[in-house]
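Trainee: Just passing along the structure, written as structure tokens.
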Amino acid sequence: MGNKTASAGSAARSLADAKPVSFWLDSPGAPGALPALSERVTADLAVIGGGFTGLWTALLAKERDPGADVVLLEAKTVGHAASGRNGGFCSASLTHGFGNGLERFGDEMPALERLGDENLAGIADTIARYQIDCDFQPTGELSIATAGWQLDGAWDEVAQARALGYEAELLDADGIRAELNSSAFIGGIRTTNRNAMVDPARLAWGLRRACLEAGVRIYENCPVRSVASQGPGLTLTAGYGEVRAARAALGTGAFTPPLLRRVGNWVVPVWDYVLMTEPLTAPQLASLGWTHRRGASDRGNQFHYFRLTADNRILWGGYDAVYYNGGRRTDEYATSPATHLKLAQHFLATFPQLEGVRFSHAWGGVIDTCSRFSAFFGTAHRGRLAYAAGYTGLGVGATRFGAQVILDLLSGDQTERTALTMVRSKPVPFPPEPLRSAVIQATRASIARADRNEGRRDLWLRTLDRLGLGFDS
Ligand SMILES: Cc1cc2nc3c(=O)[nH]c(=O)nc-3n(C[C@H](O)[C@H](O)[C@H](O)COP(=O)(O)OP(=O)(O)OC[C@H]3O[C@@H](n4cnc5c(N)ncnc54)[C@H](O)[C@@H]3O)c2cc1C
């Protein structure tokens, strides 16, 4: 970032009226809650969780077999968690970026990129078919350097990206500032395909409507408390009732461990925080020159992501990825004044021409982080339950792929997806607490130090790199 010294006073003032809720969820378009389950029902498939993973699983199950009897059980309301609180970058990448994918899945990447591209096309097709009004815009994206070291290896990165089908280009300072004007930006990579911007809550609510129209029975404010094998199927206790289902799908993200403890070895809840400005005035918007409206992020290890909304606000999030010792997931962490202040200061330092702009919303959400930064999959209850988790901050698009994998696993069909190493392998587990907290906090401190130190990774990070381990949001 250029001028890191934007005053704390003006940052604090810019936040004074910010509502502590997700801008996307704070919308007149939010549907009223559906009743909780209050009886004993049967189903072919019970889907647990009404985020993108659960919604896609339910909808695709009905598309695969319109006669299937599908119920979806959501602990609160559809889309209230990560799926309604994110940046709305809908990427084709299934692997948290192709660089991470190449490191972990090597030879499989051409297939994973093709499947990811098809997945993004499938999302666009669903949005069109069901007429989901969610501002889906295939803008591509900008990866922006704010310090020289962040461009080390950028030529190679562009060459690798092109080989995998990305329309990518290296830009110098003038080139990047012509895309988005900040004197803090010194170069970057522009990619014009494989990413769309979306209003995530309206996508979730549109998928909810599509599910209901397809005949999925959705119960809200209806947490599933237990899942047990019974005879040839499963019994779920939920809300004030019970579901007897032949199969179940778990799409509960960072909240999965209470229902399936083994997943707690591989995912940790990491909190990520976001600001949204008021709508910009025409002169403010013109001062940015953000004509192509591409989603953007900067290239530090601790990075910000930023984008425009349909009504010309700026969403600005990321940087601190916070693990609270012990891994608690309580709602009290959904706001963090310290991180929101830091984000506001960074925003004003990046765009000093926007001094005086105020933030209307400041919120946080919990990310299901795993040590390989990309989803993993599995089954339990003798193959009658399947799950997908661990998207680590890039699940808006990849959750649809995860839903396809869940349905493949439940059907027992061998598909191109189930043959993938990515699907058959698991991330390296996190150690148990209290060592887990110590390891994660040491890693966070080292990552912050690397950013202050021209990207130089200390012995701890180099050791983790060698082991293929990491921590990210
Ligand atoms: C601040 C933030 C910014 C992000 N930005 C981006 C981005 O720009 N692009 C991107 O690709 N990804 C982003 N992500 C990640 C992305 O939002 C997630 O990967 C994705 O939404 C995960 O969807 P999910 O359905 O698996 O989980 P969730 O959306 O968390 O849904 C899980 C659901 O399960 C429900 N549930 C939990 N337990 C139970 C139970 N016992 N019974 C019934 N229901 C239960 C929960 O209430 C919840 O609704 C971001 C995440 C956050 C938090």
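Naming works like this for the structure tokens: A, B, ... for the chains as they're shown, residue 1 at the start of each chain, ligands 1 onward in shown order.
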Counting only C-alpha atoms and all ligand atoms, which protein, DNA or RNA residues come within 6 Å of ligand 1, given as a PDB file with C-alpha atoms, in the first residue's frame?
Mentor:
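So part-v3.pdb came out as:
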ATOM      1  CA  ILE A  48     -27.944 -30.394   5.801  1.00  0.00           C
ATOM      2  CA  GLY A  49     -27.027 -26.709   5.420  1.00  0.00           C
ATOM      3  CA  GLY A  50     -28.515 -23.979   3.252  1.00  0.00           C
ATOM      4  CA  GLY A  51     -25.359 -22.296   1.980  1.00  0.00           C
ATOM      5  CA  PHE A  52     -24.158 -22.731  -1.601  1.00  0.00           C
ATOM      6  CA  THR A  53     -22.977 -26.318  -1.012  1.00  0.00           C
ATOM      7  CA  GLY A  54     -26.384 -27.434   0.290  1.00  0.00           C
ATOM      8  CA  LEU A  73     -32.547 -28.400   6.638  1.00  0.00           C
ATOM      9  CA  GLU A  74     -30.933 -25.073   7.547  1.00  0.00           C
ATOM     10  CA  ALA A  75     -29.960 -24.145  11.117  1.00  0.00           C
ATOM     11  CA  LYS A  76     -30.796 -20.451  10.612  1.00  0.00           C
ATOM     12  CA  VAL A  78     -30.627 -19.856   3.789  1.00  0.00           C
ATOM     13  CA  GLY A  79     -27.444 -17.959   2.914  1.00  0.00           C
ATOM     14  CA  HIS A  80     -26.957 -16.359   6.343  1.00  0.00           C
ATOM     15  CA  ALA A  81     -23.384 -17.677   6.805  1.00  0.00           C
ATOM     16  CA  ALA A  82     -20.373 -17.433   4.453  1.00  0.00           C
ATOM     17  CA  SER A  83     -22.593 -17.734   1.375  1.00  0.00           C
ATOM     18  CA  ARG A  85     -21.317 -12.567   3.563  1.00  0.00           C
ATOM     19  CA  ASN A  86     -18.566 -13.003   0.993  1.00  0.00           C
ATOM     20  CA  GLY A  87     -16.907 -10.783  -1.607  1.00  0.00           C
ATOM     21  CA  GLY A  88     -18.966 -12.240  -4.449  1.00  0.00           C
ATOM     22  CA  PHE A  89     -15.948 -13.252  -6.565  1.00  0.00           C
ATOM     23  CA  CYS A  90     -17.269 -16.275  -8.459  1.00  0.00           C
ATOM     24  CA  SER A  91     -14.132 -17.918  -9.771  1.00  0.00           C
ATOM     25  CA  PRO A 223     -30.587 -27.186  13.129  1.00  0.00           C
ATOM     26  CA  VAL A 224     -29.819 -30.859  12.644  1.00  0.00           C
ATOM     27  CA  ARG A 225     -28.696 -32.153  16.032  1.00  0.00           C
ATOM     28  CA  GLY A 251     -22.926 -28.823   3.383  1.00  0.00           C
ATOM     29  CA  THR A 252     -22.224 -27.198   6.716  1.00  0.00           C
ATOM     30  CA  GLY A 253     -18.865 -25.539   5.950  1.00  0.00           C
ATOM     31  CA  PHE A 255     -19.774 -25.648  11.235  1.00  0.00           C
ATOM     32  CA  ASP A 272     -12.609 -12.685   7.519  1.00  0.00           C
ATOM     33  CA  TYR A 273     -13.881  -9.087   7.641  1.00  0.00           C
ATOM     34  CA  VAL A 274     -15.461  -6.796   5.071  1.00  0.00           C
ATOM     35  CA  GLY A 364     -17.428 -10.608   9.183  1.00  0.00           C
ATOM     36  CA  GLY A 365     -17.937 -14.226   8.309  1.00  0.00           C
ATOM     37  CA  VAL A 366     -16.358 -17.545   9.025  1.00  0.00           C
ATOM     38  CA  ILE A 367     -14.288 -19.456   6.461  1.00  0.00           C
ATOM     39  CA  TYR A 391     -13.058 -24.248   0.337  1.00  0.00           C
ATOM     40  CA  GLY A 393     -12.282 -18.485   0.978  1.00  0.00           C
ATOM     41  CA  LEU A 394     -12.866 -19.452  -2.653  1.00  0.00           C
ATOM     42  CA  GLY A 395     -16.109 -21.388  -2.581  1.00  0.00           C
ATOM     43  CA  VAL A 396     -18.663 -19.166  -4.302  1.00  0.00           C
ATOM     44  CA  GLY A 397     -18.081 -21.015  -7.574  1.00  0.00           C
TER      45      GLY A 397
END
Trainee: Go through stretch 344-368 of chain A residue by residue and, counting only C-alpha atoms, keep those with an atom at most 10 Å from stretch 286-292 of chain A; for each kept residue give the shortest atom pair and its distance in Å to one decimal, ordered by chain and increasing number, as a tab-separated table.
Mentor:
residue	atom	partner	partner_atom	distance
A:Phe351	CA	A:Leu288	CA	8.2
A:Gln353	CA	A:Ser287	CA	7.0
A:Leu354	CA	A:Ser287	CA	8.4
Trainee: Export, as a PDB file, in the first residue's frame, the selected residues with N, CA and C atoms.
Mentor:
ATOM      1  N   PHE A 351      -7.030   4.757  -1.696  1.00  0.00           N
ATOM      2  CA  PHE A 351      -7.837   5.665  -2.526  1.00  0.00           C
ATOM      3  C   PHE A 351      -8.022   7.006  -1.805  1.00  0.00           C
ATOM      4  N   GLN A 353      -8.310   9.797  -2.907  1.00  0.00           N
ATOM      5  CA  GLN A 353      -9.295  10.643  -3.593  1.00  0.00           C
ATOM      6  C   GLN A 353     -10.712  10.413  -3.061  1.00  0.00           C
ATOM      7  N   LEU A 354     -10.904   9.345  -2.264  1.00  0.00           N
ATOM      8  CA  LEU A 354     -12.237   9.059  -1.720  1.00  0.00           C
ATOM      9  C   LEU A 354     -12.373   9.505  -0.256  1.00  0.00           C
TER      10      LEU A 354
END
Trainee: DSSP on the backbone, then: every residue of stretch 120-276 of chain A marked alpha helix (DSSP H), written as a PyMOL selection string.
Mentor: chain A and resi 120-129+154-163+173-179+200-214
Trainee: Report, in Å to a single decimal, how far apart atom CA of A:Met422 and atom CA of A:Arg114 are.
Mentor: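 Interatomic distance here is 14.1 Å.
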Trainee: Taking the chain letters and numbering used in this document, name the residues of stretch 247-386 of chain A that DSSP puts in strand (DSSP E or B), as a PyMOL selection string.
Mentor: chain A and resi 247-250+268-277+295-298+304-308+314-322+359-369+376-380+385-386
Trainee: Can you pull out every residue within 8 Å of stretch 156-163 of chain A, counting only C-alpha atoms, but drop anything in the same chain fewer than 6 positions away, and send it as a PDB file with C-alpha atoms, in the first residue's frame?
Mentor:
ATOM      1  CA  PHE A  98      -4.144 -22.165 -10.211  1.00  0.00           C
ATOM      2  CA  GLY A  99      -0.798 -21.542  -8.467  1.00  0.00           C
ATOM      3  CA  GLU A 169      -1.659 -10.249 -19.279  1.00  0.00           C
ATOM      4  CA  LEU A 170       1.078  -8.561 -17.270  1.00  0.00           C
ATOM      5  CA  ILE A 189      -1.947  -9.211 -13.868  1.00  0.00           C
TER       6      ILE A 189
END
Trainee: Between A:Phe471, A:Phe306, A:Trp266, A:Tyr319, which one has atoms that come closest to A:Pro432, using only C-alpha atoms?
Mentor: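 Comparing A:Phe471, A:Phe306, A:Trp266, A:Tyr319 against A:Pro432, the winner is A:Trp266.
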Trainee: Using only C-alpha atoms, which protein or nucleic acid residues come within 10 Å of A:Arg384? Drop anything in the same chain fewer than 6 positions from it, and give the result as an mmCIF file with all heavy atoms, in the first residue's frame.
Mentor:
data_model
loop_
_atom_site.group_PDB
_atom_site.id
_atom_site.type_symbol
_atom_site.label_atom_id
_atom_site.label_comp_id
_atom_site.auth_asym_id
_atom_site.auth_seq_id
_atom_site.Cartn_x
_atom_site.Cartn_y
_atom_site.Cartn_z
ATOM 1 N N LEU A 45 -33.238 -38.002 -0.072
ATOM 2 C CA LEU A 45 -31.993 -37.282 0.241
ATOM 3 C C LEU A 45 -32.297 -36.157 1.222
ATOM 4 O O LEU A 45 -33.178 -35.325 0.954
ATOM 5 C CB LEU A 45 -31.393 -36.689 -1.043
ATOM 6 C CG LEU A 45 -30.164 -35.791 -0.855
ATOM 7 C CD1 LEU A 45 -28.972 -36.586 -0.338
ATOM 8 C CD2 LEU A 45 -29.788 -35.100 -2.178
ATOM 9 N N SER A 229 -27.077 -43.897 11.751
ATOM 10 C CA SER A 229 -27.465 -44.982 10.844
ATOM 11 C C SER A 229 -28.640 -45.712 11.460
ATOM 12 O O SER A 229 -28.657 -45.977 12.674
ATOM 13 C CB SER A 229 -26.308 -45.962 10.661
ATOM 14 O OG SER A 229 -25.260 -45.340 9.976
ATOM 15 N N PRO A 232 -31.520 -49.527 6.704
ATOM 16 C CA PRO A 232 -30.820 -49.241 5.450
ATOM 17 C C PRO A 232 -30.561 -47.754 5.222
ATOM 18 O O PRO A 232 -30.008 -47.376 4.190
ATOM 19 C CB PRO A 232 -31.797 -49.781 4.394
ATOM 20 C CG PRO A 232 -33.149 -49.656 5.027
ATOM 21 C CD PRO A 232 -32.961 -49.789 6.512
ATOM 22 N N GLY A 233 -30.962 -46.890 6.136
ATOM 23 C CA GLY A 233 -30.827 -45.450 5.894
ATOM 24 C C GLY A 233 -30.284 -44.703 7.093
ATOM 25 O O GLY A 233 -29.497 -45.236 7.884
ATOM 26 N N LEU A 234 -30.706 -43.452 7.232
ATOM 27 C CA LEU A 234 -30.210 -42.562 8.283
ATOM 28 C C LEU A 234 -31.391 -41.890 8.974
ATOM 29 O O LEU A 234 -32.414 -41.621 8.337
ATOM 30 C CB LEU A 234 -29.341 -41.465 7.653
ATOM 31 C CG LEU A 234 -28.080 -41.917 6.930
ATOM 32 C CD1 LEU A 234 -27.559 -40.798 6.018
ATOM 33 C CD2 LEU A 234 -27.003 -42.318 7.930
ATOM 34 N N ALA A 245 -34.052 -40.730 6.105
ATOM 35 C CA ALA A 245 -33.591 -40.505 4.731
ATOM 36 C C ALA A 245 -32.703 -41.660 4.278
ATOM 37 O O ALA A 245 -31.961 -42.238 5.090
ATOM 38 C CB ALA A 245 -32.805 -39.201 4.653
ATOM 39 N N ALA A 246 -32.783 -41.970 2.981
ATOM 40 C CA ALA A 246 -31.901 -43.006 2.442
ATOM 41 C C ALA A 246 -30.458 -42.508 2.423
ATOM 42 O O ALA A 246 -29.519 -43.253 2.704
ATOM 43 C CB ALA A 246 -32.359 -43.384 1.032
ATOM 44 N N ARG A 247 -30.296 -41.219 2.091
ATOM 45 C CA ARG A 247 -28.955 -40.634 1.965
ATOM 46 C C ARG A 247 -28.976 -39.229 2.564
ATOM 47 O O ARG A 247 -30.024 -38.595 2.633
ATOM 48 C CB ARG A 247 -28.556 -40.506 0.481
ATOM 49 C CG ARG A 247 -28.450 -41.821 -0.271
ATOM 50 C CD ARG A 247 -27.149 -42.543 0.069
ATOM 51 N NE ARG A 247 -27.014 -43.786 -0.658
ATOM 52 C CZ ARG A 247 -27.467 -44.969 -0.243
ATOM 53 N NH1 ARG A 247 -28.125 -45.058 0.919
ATOM 54 N NH2 ARG A 247 -27.278 -46.063 -0.962
ATOM 55 N N ALA A 248 -27.789 -38.753 2.958
ATOM 56 C CA ALA A 248 -27.691 -37.373 3.457
ATOM 57 C C ALA A 248 -26.454 -36.709 2.885
ATOM 58 O O ALA A 248 -25.446 -37.367 2.597
ATOM 59 C CB ALA A 248 -27.644 -37.354 4.985
ATOM 60 N N ALA A 249 -26.546 -35.393 2.709
ATOM 61 C CA ALA A 249 -25.421 -34.587 2.223
ATOM 62 C C ALA A 249 -25.144 -33.520 3.261
ATOM 63 O O ALA A 249 -26.076 -32.864 3.749
ATOM 64 C CB ALA A 249 -25.777 -33.941 0.893
ATOM 65 N N LEU A 409 -20.601 -39.253 -5.132
ATOM 66 C CA LEU A 409 -20.208 -40.178 -4.054
ATOM 67 C C LEU A 409 -21.423 -40.920 -3.509
ATOM 68 O O LEU A 409 -21.358 -42.126 -3.238
ATOM 69 C CB LEU A 409 -19.506 -39.415 -2.919
ATOM 70 C CG LEU A 409 -18.132 -38.807 -3.250
ATOM 71 C CD1 LEU A 409 -17.633 -37.923 -2.103
ATOM 72 C CD2 LEU A 409 -17.100 -39.910 -3.549
ATOM 73 N N LEU A 410 -22.546 -40.230 -3.363
ATOM 74 C CA LEU A 410 -23.745 -40.887 -2.823
ATOM 75 C C LEU A 410 -24.320 -41.910 -3.802
ATOM 76 O O LEU A 410 -24.888 -42.920 -3.387
ATOM 77 C CB LEU A 410 -24.822 -39.839 -2.480
ATOM 78 C CG LEU A 410 -24.523 -38.956 -1.267
ATOM 79 C CD1 LEU A 410 -25.611 -37.909 -1.082
ATOM 80 C CD2 LEU A 410 -24.373 -39.802 0.006
ATOM 81 N N SER A 411 -24.152 -41.631 -5.097
ATOM 82 C CA SER A 411 -24.712 -42.562 -6.092
ATOM 83 C C SER A 411 -23.837 -43.804 -6.243
ATOM 84 O O SER A 411 -24.279 -44.824 -6.747
ATOM 85 C CB SER A 411 -24.832 -41.873 -7.454
ATOM 86 O OG SER A 411 -23.536 -41.681 -7.995
ATOM 87 N N GLY A 412 -22.562 -43.676 -5.829
ATOM 88 C CA GLY A 412 -21.619 -44.779 -6.016
ATOM 89 C C GLY A 412 -21.076 -44.843 -7.433
ATOM 90 O O GLY A 412 -20.272 -45.720 -7.757
#
Trainee: Counting only C-alpha atoms, what is within 6 Å of A:Gly239, bar same-chain residues fewer than 3 positions away, as a list of chain:residue names?
Mentor: A:Ala36, A:Leu37, A:Cys222, A:Pro223
Trainee: Those same residues, written as a compact mmCIF listing (two decimals), in the first residue's frame with N, CA, C and O atoms?
Mentor:
# COMPACT_ATOMS: atom_id res chain seq x y z
N ALA A 36 -39.77 -24.36 10.63
CA ALA A 36 -38.89 -25.48 11.00
C ALA A 36 -39.66 -26.79 10.86
O ALA A 36 -40.89 -26.81 10.78
N LEU A 37 -38.92 -27.87 10.84
CA LEU A 37 -39.55 -29.20 10.78
C LEU A 37 -40.25 -29.48 12.12
O LEU A 37 -39.66 -29.27 13.18
N CYS A 222 -33.81 -24.56 11.70
CA CYS A 222 -34.02 -25.98 11.93
C CYS A 222 -32.68 -26.73 11.99
O CYS A 222 -32.33 -27.48 11.07
N PRO A 223 -31.88 -26.51 13.07
CA PRO A 223 -30.59 -27.19 13.13
C PRO A 223 -30.73 -28.70 13.23
O PRO A 223 -31.60 -29.20 13.95
Trainee: Quick one: everything within 12 Å of A:Leu94, counting only C-alpha atoms, minus sequence neighbours fewer than 3 positions away in the same chain. Send it as an MDAnalysis selection string.
Mentor: chainID A and resid 90:91 97:102 105 108:120 194:195 372:376 390:402 417 422:423
Trainee: Residues as selected, N, CA and C atoms, written as a tab-separated table (two decimals), in the first residue's frame, can you do that?
Mentor:
chain	number	residue	atom	x	y	z
A	90	CYS	N	-16.84	-14.93	-8.07
A	90	CYS	CA	-17.27	-16.28	-8.46
A	90	CYS	C	-16.26	-16.79	-9.48
A	91	SER	N	-15.29	-17.52	-8.97
A	91	SER	CA	-14.13	-17.92	-9.77
A	91	SER	C	-14.33	-19.30	-10.36
A	97	GLY	N	-7.11	-20.76	-6.70
A	97	GLY	CA	-6.09	-20.22	-7.62
A	97	GLY	C	-5.29	-21.34	-8.26
A	98	PHE	N	-4.84	-21.08	-9.50
A	98	PHE	CA	-4.14	-22.17	-10.21
A	98	PHE	C	-2.76	-22.40	-9.64
A	99	GLY	N	-2.13	-21.36	-9.04
A	99	GLY	CA	-0.80	-21.54	-8.47
A	99	GLY	C	-0.84	-22.57	-7.34
A	100	ASN	N	-1.81	-22.42	-6.46
A	100	ASN	CA	-1.97	-23.39	-5.37
A	100	ASN	C	-2.29	-24.77	-5.94
A	101	GLY	N	-3.12	-24.80	-6.98
A	101	GLY	CA	-3.47	-26.08	-7.59
A	101	GLY	C	-2.25	-26.77	-8.20
A	102	LEU	N	-1.41	-26.00	-8.90
A	102	LEU	CA	-0.22	-26.60	-9.53
A	102	LEU	C	0.70	-27.19	-8.46
A	105	PHE	N	-1.66	-30.35	-6.99
A	105	PHE	CA	-2.29	-31.38	-7.82
A	105	PHE	C	-1.62	-31.51	-9.19
A	108	GLU	N	-2.76	-32.91	-12.66
A	108	GLU	CA	-4.23	-32.93	-12.72
A	108	GLU	C	-4.81	-31.56	-13.08
A	109	MET	N	-3.95	-30.53	-13.08
A	109	MET	CA	-4.48	-29.17	-13.23
A	109	MET	C	-5.20	-28.90	-14.54
A	110	PRO	N	-4.72	-29.40	-15.70
A	110	PRO	CA	-5.50	-29.13	-16.91
A	110	PRO	C	-6.94	-29.64	-16.77
A	111	ALA	N	-7.10	-30.83	-16.18
A	111	ALA	CA	-8.46	-31.36	-15.99
A	111	ALA	C	-9.22	-30.52	-14.98
A	112	LEU	N	-8.56	-30.14	-13.88
A	112	LEU	CA	-9.25	-29.35	-12.85
A	112	LEU	C	-9.66	-27.98	-13.40
A	113	GLU	N	-8.81	-27.39	-14.25
A	113	GLU	CA	-9.17	-26.09	-14.83
A	113	GLU	C	-10.33	-26.23	-15.82
A	114	ARG	N	-10.31	-27.29	-16.62
A	114	ARG	CA	-11.43	-27.51	-17.55
A	114	ARG	C	-12.72	-27.73	-16.78
A	115	LEU	N	-12.65	-28.56	-15.73
A	115	LEU	CA	-13.86	-28.81	-14.93
A	115	LEU	C	-14.34	-27.52	-14.24
A	116	GLY	N	-13.38	-26.70	-13.83
A	116	GLY	CA	-13.73	-25.43	-13.19
A	116	GLY	C	-14.40	-24.48	-14.18
A	117	ASP	N	-13.87	-24.46	-15.39
A	117	ASP	CA	-14.45	-23.61	-16.44
A	117	ASP	C	-15.88	-24.07	-16.75
A	118	GLU	N	-16.05	-25.39	-16.86
A	118	GLU	CA	-17.40	-25.94	-17.12
A	118	GLU	C	-18.33	-25.61	-15.95
A	119	ASN	N	-17.76	-25.65	-14.74
A	119	ASN	CA	-18.57	-25.36	-13.55
A	119	ASN	C	-19.07	-23.92	-13.56
A	120	LEU	N	-18.16	-22.98	-13.92
A	120	LEU	CA	-18.58	-21.57	-13.97
A	120	LEU	C	-19.65	-21.38	-15.05
A	194	ARG	N	-12.84	-16.42	-16.77
A	194	ARG	CA	-12.79	-17.32	-15.61
A	194	ARG	C	-13.07	-16.66	-14.25
A	195	ASN	N	-13.70	-15.51	-14.25
A	195	ASN	CA	-14.18	-14.95	-12.98
A	195	ASN	C	-15.36	-14.05	-13.26
A	372	ARG	N	-4.68	-27.23	2.67
A	372	ARG	CA	-4.33	-27.19	1.24
A	372	ARG	C	-5.16	-26.13	0.51
A	373	PHE	N	-5.96	-25.36	1.23
A	373	PHE	CA	-6.73	-24.21	0.70
A	373	PHE	C	-7.76	-24.60	-0.34
A	374	SER	N	-8.11	-25.84	-0.48
A	374	SER	CA	-9.10	-26.21	-1.49
A	374	SER	C	-9.90	-27.40	-0.95
A	375	ALA	N	-11.13	-27.52	-1.46
A	375	ALA	CA	-12.11	-28.41	-0.83
A	375	ALA	C	-11.63	-29.86	-0.78
A	376	PHE	N	-12.13	-30.57	0.21
A	376	PHE	CA	-11.93	-32.02	0.29
A	376	PHE	C	-13.31	-32.65	0.49
A	390	GLY	N	-13.91	-27.17	3.31
A	390	GLY	CA	-12.52	-26.74	3.19
A	390	GLY	C	-12.24	-25.81	2.01
A	391	TYR	N	-13.24	-25.11	1.52
A	391	TYR	CA	-13.06	-24.25	0.34
A	391	TYR	C	-12.09	-23.09	0.59
A	392	THR	N	-11.87	-22.75	1.87
A	392	THR	CA	-10.87	-21.75	2.24
A	392	THR	C	-10.98	-20.44	1.47
A	393	GLY	N	-12.16	-19.84	1.52
A	393	GLY	CA	-12.28	-18.48	0.98
A	393	GLY	C	-12.45	-18.40	-0.52
A	394	LEU	N	-12.55	-19.53	-1.22
A	394	LEU	CA	-12.87	-19.45	-2.65
A	394	LEU	C	-13.90	-20.53	-3.00
A	395	GLY	N	-15.08	-20.36	-2.40
A	395	GLY	CA	-16.11	-21.39	-2.58
A	395	GLY	C	-17.36	-20.92	-3.30
A	396	VAL	N	-17.42	-19.64	-3.67
A	396	VAL	CA	-18.66	-19.17	-4.30
A	396	VAL	C	-18.94	-19.98	-5.57
A	397	GLY	N	-17.91	-20.19	-6.38
A	397	GLY	CA	-18.08	-21.01	-7.57
A	397	GLY	C	-17.86	-22.50	-7.28
A	398	ALA	N	-16.81	-22.81	-6.53
A	398	ALA	CA	-16.39	-24.21	-6.36
A	398	ALA	C	-17.41	-25.07	-5.62
A	399	THR	N	-18.32	-24.44	-4.86
A	399	THR	CA	-19.33	-25.22	-4.13
A	399	THR	C	-20.25	-25.99	-5.08
A	400	ARG	N	-20.47	-25.46	-6.29
A	400	ARG	CA	-21.31	-26.22	-7.23
A	400	ARG	C	-20.60	-27.50	-7.65
A	401	PHE	N	-19.29	-27.40	-7.88
A	401	PHE	CA	-18.50	-28.59	-8.17
A	401	PHE	C	-18.55	-29.55	-6.98
A	402	GLY	N	-18.41	-29.00	-5.76
A	402	GLY	CA	-18.47	-29.83	-4.56
A	402	GLY	C	-19.79	-30.58	-4.46
A	417	ARG	N	-14.90	-36.93	-11.94
A	417	ARG	CA	-14.67	-36.19	-10.69
A	417	ARG	C	-14.19	-37.12	-9.57
A	422	MET	N	-7.59	-34.86	-6.24
A	422	MET	CA	-8.16	-33.83	-5.38
A	422	MET	C	-9.36	-34.37	-4.60
A	423	VAL	N	-10.14	-35.22	-5.22
A	423	VAL	CA	-11.34	-35.76	-4.56
A	423	VAL	C	-10.99	-36.93	-3.66
Trainee: Counting only C-alpha atoms, which of A:Ser27, A:Leu435, A:Leu203, A:Ala11 gets nearest to A:Ala128?
Mentor: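 Under the stated criterion, the closest residue is A:Leu203.
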Trainee: Give me the residues within 12 Å of A:Ala147 as a count of residues only, counting only C-alpha atoms and dropping any in the same chain fewer than 6 places off.
Mentor: 18
Trainee: Choose the residue, out of A:Arg462, A:Arg382, A:Arg40, A:Arg177, that has the smallest atom-to-atom separation from A:Arg244; count only C-alpha atoms.
Mentor: A:Arg40
Trainee: So, with only C-alpha atoms as the atoms that count, which of A:Ala438, A:Ala448, A:Ser473, A:Gln150 lies closest to A:Gly318?
Mentor: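 The shortest atom-to-atom distance to A:Gly318 comes from A:Ser473.
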Trainee: Using atom CA of A:Asp107 and atom CA of A:Asp152 as the two end points, give the distance in Å to one decimal.
Mentor: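 Answer for the atom CA of A:Asp107 to atom CA of A:Asp152 separation: 24.0 Å.
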